[in-house]
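**Student:** Below is one structure. I have some questions about it.
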Amino acid sequence: MWGVRWNVFVLILSITGKGLANTDPCGNYTVLNQARRTASTRFDSSFPQLCDINLAFGWYRFTSYVGGNIPGTCVDSFYCGTRSPIWMNGSLPTDDLVATRQVCGNLGSPVDCCTVTWNIRVKRCTTSPDIFYVYELIPTAGCPMAYCAGDLPLCPEGEIYDSFHQHCIETRPAVPCDFEDHGLCEWSQESEDDFNWAKTSGSTSVSSVLPADDHTLGTDAGLYLFLRASPSHIPSDTTRIICPVLVPSVTEVCNITFYYTIHGTGAGNLNVYRRSYHDGTDTSVWTAPPGPSADWALAQFTLAGQTPFQIVIEGVVGYGHQSSIAIDDVSFSSGCTREVDGSVRLEDGNTFHEGRVEIYYDHQWGTICNSGWTAENADVVCKQLGYSESSSLSTSYPGQHGVPILLDDVICDSSAHSKITECDHSLWGNYHPRCSHATDVSVRCSGLLNECGDDELSCHNGVCVPSQTFCDFNNDCGDGTDENSCGHYPGRCSFQNNFCSWIQLKTDGIDWVRTKGGANSPDQAPLTDHQTRTDSYFLYLAGVLTNDGTKNAVLLLPQYFLSNGSQCKVLFYYYMTANVGELHVSVATKDNIRRLWQQTTPQGNRWNKQEITITSTEPFQISFEGIVRAAHTGSIAIDDISLTPGCLIESDGCQSTQQSFQCDSGECISRDLVCNYEDNCIDSSDEGLKCEEETGRCDFQEDICGWSQDKNDDFDFDRGKETTNTGGTGPVVDHTHKSPSGYYIHIEASGRAVGEKARLVSPAYTNSTNCQVRFFYHMSGRHIGELRVILFNLQNNRTKELWSRQGDQGRTWYYGSVSINKDWGTYVVMLEAVVGNGDQGDIAIDDVSFATYCTPYQKGPGAGTGNGLSTGAIIAIGVCCFIALLGAVAVIVAVLWLRKRRAKDRAWSSANNRRSAYDQDHVYEIADYPNPRSRQSATEGHDQHVNSLRDLERPQAAALPQKVDLSAVSGGQNNVTINSDGYASLLKNTVPVYGASNGGQHVDSKGRLNVDPTLYSFIERHGFMEFVHIFAENSLTVSYLLTARTADLLNFGFPIQIASSIVKCCREDFGMGHGQSPVSDSGSRPSS
């Protein structure tokens, strides 16, 4: 009987609605934007059930992110946000004509999904860039019953589901940016361009081609972004900033607005690109008109498309060196945000950061009544919009007549809530009778949040993505941040070069085949890998690979693991077409094998992502097994396999040892990684409170900690934040906080001569234990010089270069670590930055630390206290000093005797080499090396503690050199591993010790050392003049060189390639032919 009445009702509505047929429904429809209508999610009792009984008869378009079409297959009861979902029993039309289709209401019958039926009309619309469908809907006869729309997963309020990356992403307006605060608001500097946008104001700019005032404030105190051509730039150099991901509205227009100036002859270009969040392609959407512009010209244009995107603003250097480009006040319209239930916005405010609060619910925007409104409520609204907090606002911005009031009695806890819908509030659309638009809530927001949620990853480009997307082989950030640091993921393999740590069992039937897609891909194999690349590899199986019967192929990771509960997972991608076989994933303990997952159903011609949690309480191995049959067509493929860090490598109980540290979360890591300013444990327990007690640890937030500036270098490191003073070089955030407000130290290369050095000196350490120094460095720019780590022995003044980097390393922070063994007595570590050949050479350092097992140098007990030594101790010390004196006298006598003997040897050598009568000794003069630095006093702007190496406490009063001169260190690639030298694994061109023959003291500038003319001619002829001082200071002769080996010359300080060339050239010039061996006993070695 109910069905008869319903059919009569439908017939009446159909006849009544004939008059509507004269208008094109593609341009005359009502929007239904309710994600709860999705057929993929069961009804949530916390929301009221949807019911379309009050739906007006007419044409509708579904615009929710879950999909815009009524499902064409049965939908179970309690889905689509209602008890009785309505689905369409038929397919969508493929032409642009109006079609009639039957719809079914599922009233919950266990045997009939189509309990009640009626007809609706459907039309395909192709008038916009995207094809969509509109439906002529009839209101339902009862409740709860509603039309379904879409089948994508339902996301939390304020987010949408991105079907390309298969996860939820936030949708909210990008924070408008006037560049007045630190940083770039939510914009970030692009990493693949040539240099960075810089920020300045008219009061600090010294250039006549930059604006005197900003656009925001109209004063010389206001800030803006700029690029200015300079000799360090070349034409066509680019600088780019990129905004967060925007999800545009389906129905409203998305516009971008900003102001710009272009000044000077030969200025470059200003371009704007729309970058797809899905594939990263850039599409040009705007270019500034050629030639100079007016002061702060307006740029405003539409950004077409409905898929998520980012905007890139690009400045290009032109040919005129007296030119500039500047931008200010960048904002987006409300149409650049997809409307979802719970979205908020500020409307009608006098500035970017204030206005009436409007919230979106059930396809409409509405206001909030201020009953019981508090500052905490305002803080939550501002946090949801991307700001850090709210501030007082005396102005109100009432809504217009016709705008609904949607919420009242809102009570928030700003410490627990990040969205207004998480707070307690009235039922939607219910409010107190006193509420009107005169009581609408208005707020003012300030500061920038720049933080992602606890369950999100912060990308370098400002995007927040779910933490589960980290290291999943997809570029979810858009800039690769989420895939750049995955080395701690065990078993991770993309099969690009080999099988990584995975092995093929010999006991199975066939092997997995490593191949790639493209036109030459094997029969029935996928045409691409899971990232749609034709040149990338994957593993595959097919029935054509076996001649008869059923065959299996097993891929095993032989390492045993322990599961850290629900955090141990295996992630992979698989491909499985029709009629092929089976794919299994199993874990094998030492006693049995258990199957975790299997797929036996064809999945079509597509790659599928699969994640499996492993909860084994015993050590286990993980394996993949594919089964194929000869008679079947199709194929199985797997790609991009990884275990998560929650799968801990079995280590027989994982106990802390001298080499390992046990995290509170259970796993073990190397002690080298503890307290290094990086979270290496899953629970971050390696960076606990005890780290702050470590000597030598410094993040430079307050000062330079226990480090000191070396006053015998050429200039000082500066402590700074955000950008350095020169464009195109230096970081834009520190490493510690990844924030423009965080501090680091750097050298400012502008105005410095090539080769000038700045040194930072560490606290002193002893050789009681091995040691390791760790740090983060940033070397970006066209003129980057060199960064070195040098060890200085406080007992014998010996120096050693342990590590170096030269040239542009890219625009990010990199990790550096250097090991030091026990051979070095008491020492300090020096971080030395060397200026390159131009202004774009700023080198930055942050987060320096020493391993927790290093031993800081401390004074002995009672030192400096005035307590006298015992009589026995004094006698013992006196005896030791007397013995040491006798030893010193004996050494001096021996040295004098050896020098006399060597003088005779050189005379004999000269006779044998038949020197000409007219040969005269060539005089080599040793120049003095005065301190080139004129130091400023502490009252002249240096607030940092300044020490020289002489100021450091040492256990012995050994004389220190006035300057550690590394000018002879070559920048070439002359590296050699010295296995017998435990304190360094890298040896660059060894630092020569000037004046070594004079007891380590400075040689007077008039001092002269003799080089015999035959040797001098040899040195000059073969291009060894750079090292003539080594020949002279060590009294080397041709006869010695004829018998010397390459290893012998390394001890004098020659680089390995130079030493090898000297030996080779000497034997060729003075009679030892190719293939002859030197005398096995090289005789007495010249003094060094």
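Residue names in the structure tokens use chain letters A, B, ... in the order shown, residue numbers from 1 in each chain, and ligand numbers from 1 in the order shown.
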Set the distance at 6 Å and use only C-alpha atoms: which residues neighbour segment 843-848 of chain A once local chain neighbours fewer than 2 positions away are removed? I'd like the list as a list in words.

**Tutor:**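 Residues near the query, excluding close chain neighbours: Arg697, Cys698, Asp699, Tyr744, Ile745, His746, Ile747, Arg774, Phe775, Phe776, Tyr777, His778 and Met779 of chain A.
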
**Student:** Got a sec: who's within 8 Å of Thr30 of chain A, counting only C-alpha atoms, leaving out chain neighbours fewer than 2 positions off, as a PyMOL selection string?

**Tutor:** chain A and resi 28+32+58-61

**Student:** Using only N, CA and C atoms, please write the residues we just selected to a file, as a short mmCIF file (atom, residue, chain, number, x, y, z; two decimals), in the first residue's frame.

**Tutor:**
data_model
loop_
_atom_site.label_atom_id
_atom_site.label_comp_id
_atom_site.auth_asym_id
_atom_site.auth_seq_id
_atom_site.Cartn_x
_atom_site.Cartn_y
_atom_site.Cartn_z
N ASN A 28 21.26 25.77 -14.19
CA ASN A 28 20.21 26.15 -13.25
C ASN A 28 19.93 24.97 -12.31
N LEU A 32 24.17 20.41 -3.61
CA LEU A 32 24.12 19.57 -2.40
C LEU A 32 25.56 19.17 -2.07
N GLY A 58 13.37 19.34 -8.02
CA GLY A 58 14.14 20.14 -8.96
C GLY A 58 15.48 19.49 -9.28
N TRP A 59 16.30 20.26 -9.99
CA TRP A 59 17.61 19.76 -10.43
C TRP A 59 18.67 20.07 -9.37
N TYR A 60 19.54 19.08 -9.15
CA TYR A 60 20.57 19.19 -8.11
C TYR A 60 21.91 18.71 -8.65
N ARG A 61 22.96 19.29 -8.08
CA ARG A 61 24.32 18.82 -8.36
C ARG A 61 25.01 18.50 -7.04
#

**Student:** Excluding same-chain residues fewer than 4 positions from segment 671-681 of chain A, what lies within 10 Å of it counting only C-alpha atoms, as number ranges by chain?

**Tutor:** A: 488, 645-646, 656-667, 685-692, 694, 697-699, 735-736, 771-776, 815, 817, 819, 846-853

**Student:** Could you tell me which of A:Cys568, A:Cys336, A:Val465, A:Ala375 comes closest to Ser390 of chain A if we count only C-alpha atoms?

**Tutor:** A:Ala375

**Student:** Can you list, as a ChimeraX atom specification, all residues belonging to segment 143-185 of chain A that DSSP tags as strand (DSSP E or B)?

**Tutor:** /A:145-147,159-162,167-170,177

**Student:** If we count only C-alpha atoms, what is near Leu1049 of chain A at a cut-off of 12 Å, once residues fewer than 3 positions away on the same chain are taken out, given as a list of chain:residue names?

**Tutor:** A:Thr990, A:Phe1027, A:Ile1030, A:Phe1031, A:Asn1034, A:Leu1036, A:Tyr1040, A:Leu1041, A:Leu1042, A:Thr1043, A:Ala1044, A:Arg1045, A:Thr1046, A:Phe1052, A:Gly1053, A:Phe1054, A:Pro1055, A:Ile1056, A:Gln1057, A:Ile1058, A:Ala1059, A:Ser1060, A:Ser1061, A:Ile1062, A:Val1063, A:Ser1082, A:Arg1085, A:Pro1086, A:Ser1088

**Student:** Would you mind listing what lies within 10 Å of Glu422 of chain A as a list in words, with only C-alpha atoms counted and same-chain residues fewer than 2 positions away left out?

**Tutor:** Glu157, Gly342, Val380, Val410, Ile411, Cys412, Asp413, Ala416, His417, Ser418, Lys419, Ile420, Asp424 and His425 of chain A

**Student:** Would you output that residue set with C-alpha atoms, as a PDB file, in the first residue's frame?

**Tutor:**
ATOM      1  CA  GLU A 157      35.625  17.820   9.345  1.00  0.00           C
ATOM      2  CA  GLY A 342      33.264  22.584   9.644  1.00  0.00           C
ATOM      3  CA  VAL A 380      40.643  27.827  18.331  1.00  0.00           C
ATOM      4  CA  VAL A 410      30.307  27.287  21.848  1.00  0.00           C
ATOM      5  CA  ILE A 411      32.707  26.186  24.619  1.00  0.00           C
ATOM      6  CA  CYS A 412      36.317  25.394  23.605  1.00  0.00           C
ATOM      7  CA  ASP A 413      39.513  24.301  25.309  1.00  0.00           C
ATOM      8  CA  ALA A 416      42.795  20.343  23.428  1.00  0.00           C
ATOM      9  CA  HIS A 417      40.813  21.598  20.413  1.00  0.00           C
ATOM     10  CA  SER A 418      42.163  22.671  17.030  1.00  0.00           C
ATOM     11  CA  LYS A 419      38.820  22.989  15.194  1.00  0.00           C
ATOM     12  CA  ILE A 420      35.629  24.731  16.214  1.00  0.00           C
ATOM     13  CA  ASP A 424      30.932  21.759  22.691  1.00  0.00           C
ATOM     14  CA  HIS A 425      28.179  23.666  20.905  1.00  0.00           C
TER      15      HIS A 425
END

**Student:** Residues near Glu347 of chain A, anyone? I mean within 9 Å using only C-alpha atoms, not counting same-chain ones fewer than 6 positions away, as a ChimeraX atom specification.

**Tutor:** /A:354-358,397,399,442

**Student:** Can you write out the residues you just picked, keeping N, CA, C and O atoms, as a short mmCIF file (atom, residue, chain, number, x, y, z; two decimals), in the first residue's frame?

**Tutor:**
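Output (result12.cif):
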data_model
loop_
_atom_site.label_atom_id
_atom_site.label_comp_id
_atom_site.auth_asym_id
_atom_site.auth_seq_id
_atom_site.Cartn_x
_atom_site.Cartn_y
_atom_site.Cartn_z
N GLU A 354 41.37 39.83 10.33
CA GLU A 354 40.22 39.99 11.20
C GLU A 354 38.93 39.95 10.38
O GLU A 354 38.94 40.09 9.16
N GLY A 355 37.80 39.76 11.07
CA GLY A 355 36.52 39.74 10.38
C GLY A 355 35.49 38.90 11.12
O GLY A 355 35.75 38.35 12.20
N ARG A 356 34.32 38.81 10.53
CA ARG A 356 33.22 38.00 11.07
C ARG A 356 33.53 36.52 10.83
O ARG A 356 33.94 36.13 9.74
N VAL A 357 33.33 35.70 11.85
CA VAL A 357 33.58 34.26 11.73
C VAL A 357 32.37 33.62 11.06
O VAL A 357 31.24 33.75 11.55
N GLU A 358 32.61 32.93 9.94
CA GLU A 358 31.56 32.16 9.30
C GLU A 358 32.00 30.70 9.23
O GLU A 358 33.18 30.40 9.03
N TYR A 397 31.66 42.89 12.96
CA TYR A 397 31.32 42.85 11.54
C TYR A 397 30.07 42.00 11.37
O TYR A 397 30.15 40.81 11.07
N GLY A 399 26.69 40.08 10.10
CA GLY A 399 26.36 39.46 8.83
C GLY A 399 25.17 40.13 8.17
O GLY A 399 24.41 40.89 8.79
N SER A 442 33.00 38.07 15.90
CA SER A 442 34.10 38.57 15.07
C SER A 442 35.39 38.38 15.85
O SER A 442 35.41 38.48 17.08
#

**Student:** Kindly give the distance, in Å, that separates atom CA of Ala39 of chain A and atom CA of Tyr79 of chain A, rounded to a single decimal.

**Tutor:**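 Between atom CA of Ala39 of chain A and atom CA of Tyr79 of chain A the gap works out to 5.8 Å.
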
**Student:** By how many Å are atom CA of Leu137 of chain A and atom CA of Phe57 of chain A apart?

**Tutor:**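 Between atom CA of Leu137 of chain A and atom CA of Phe57 of chain A the gap is 5.9 Å.
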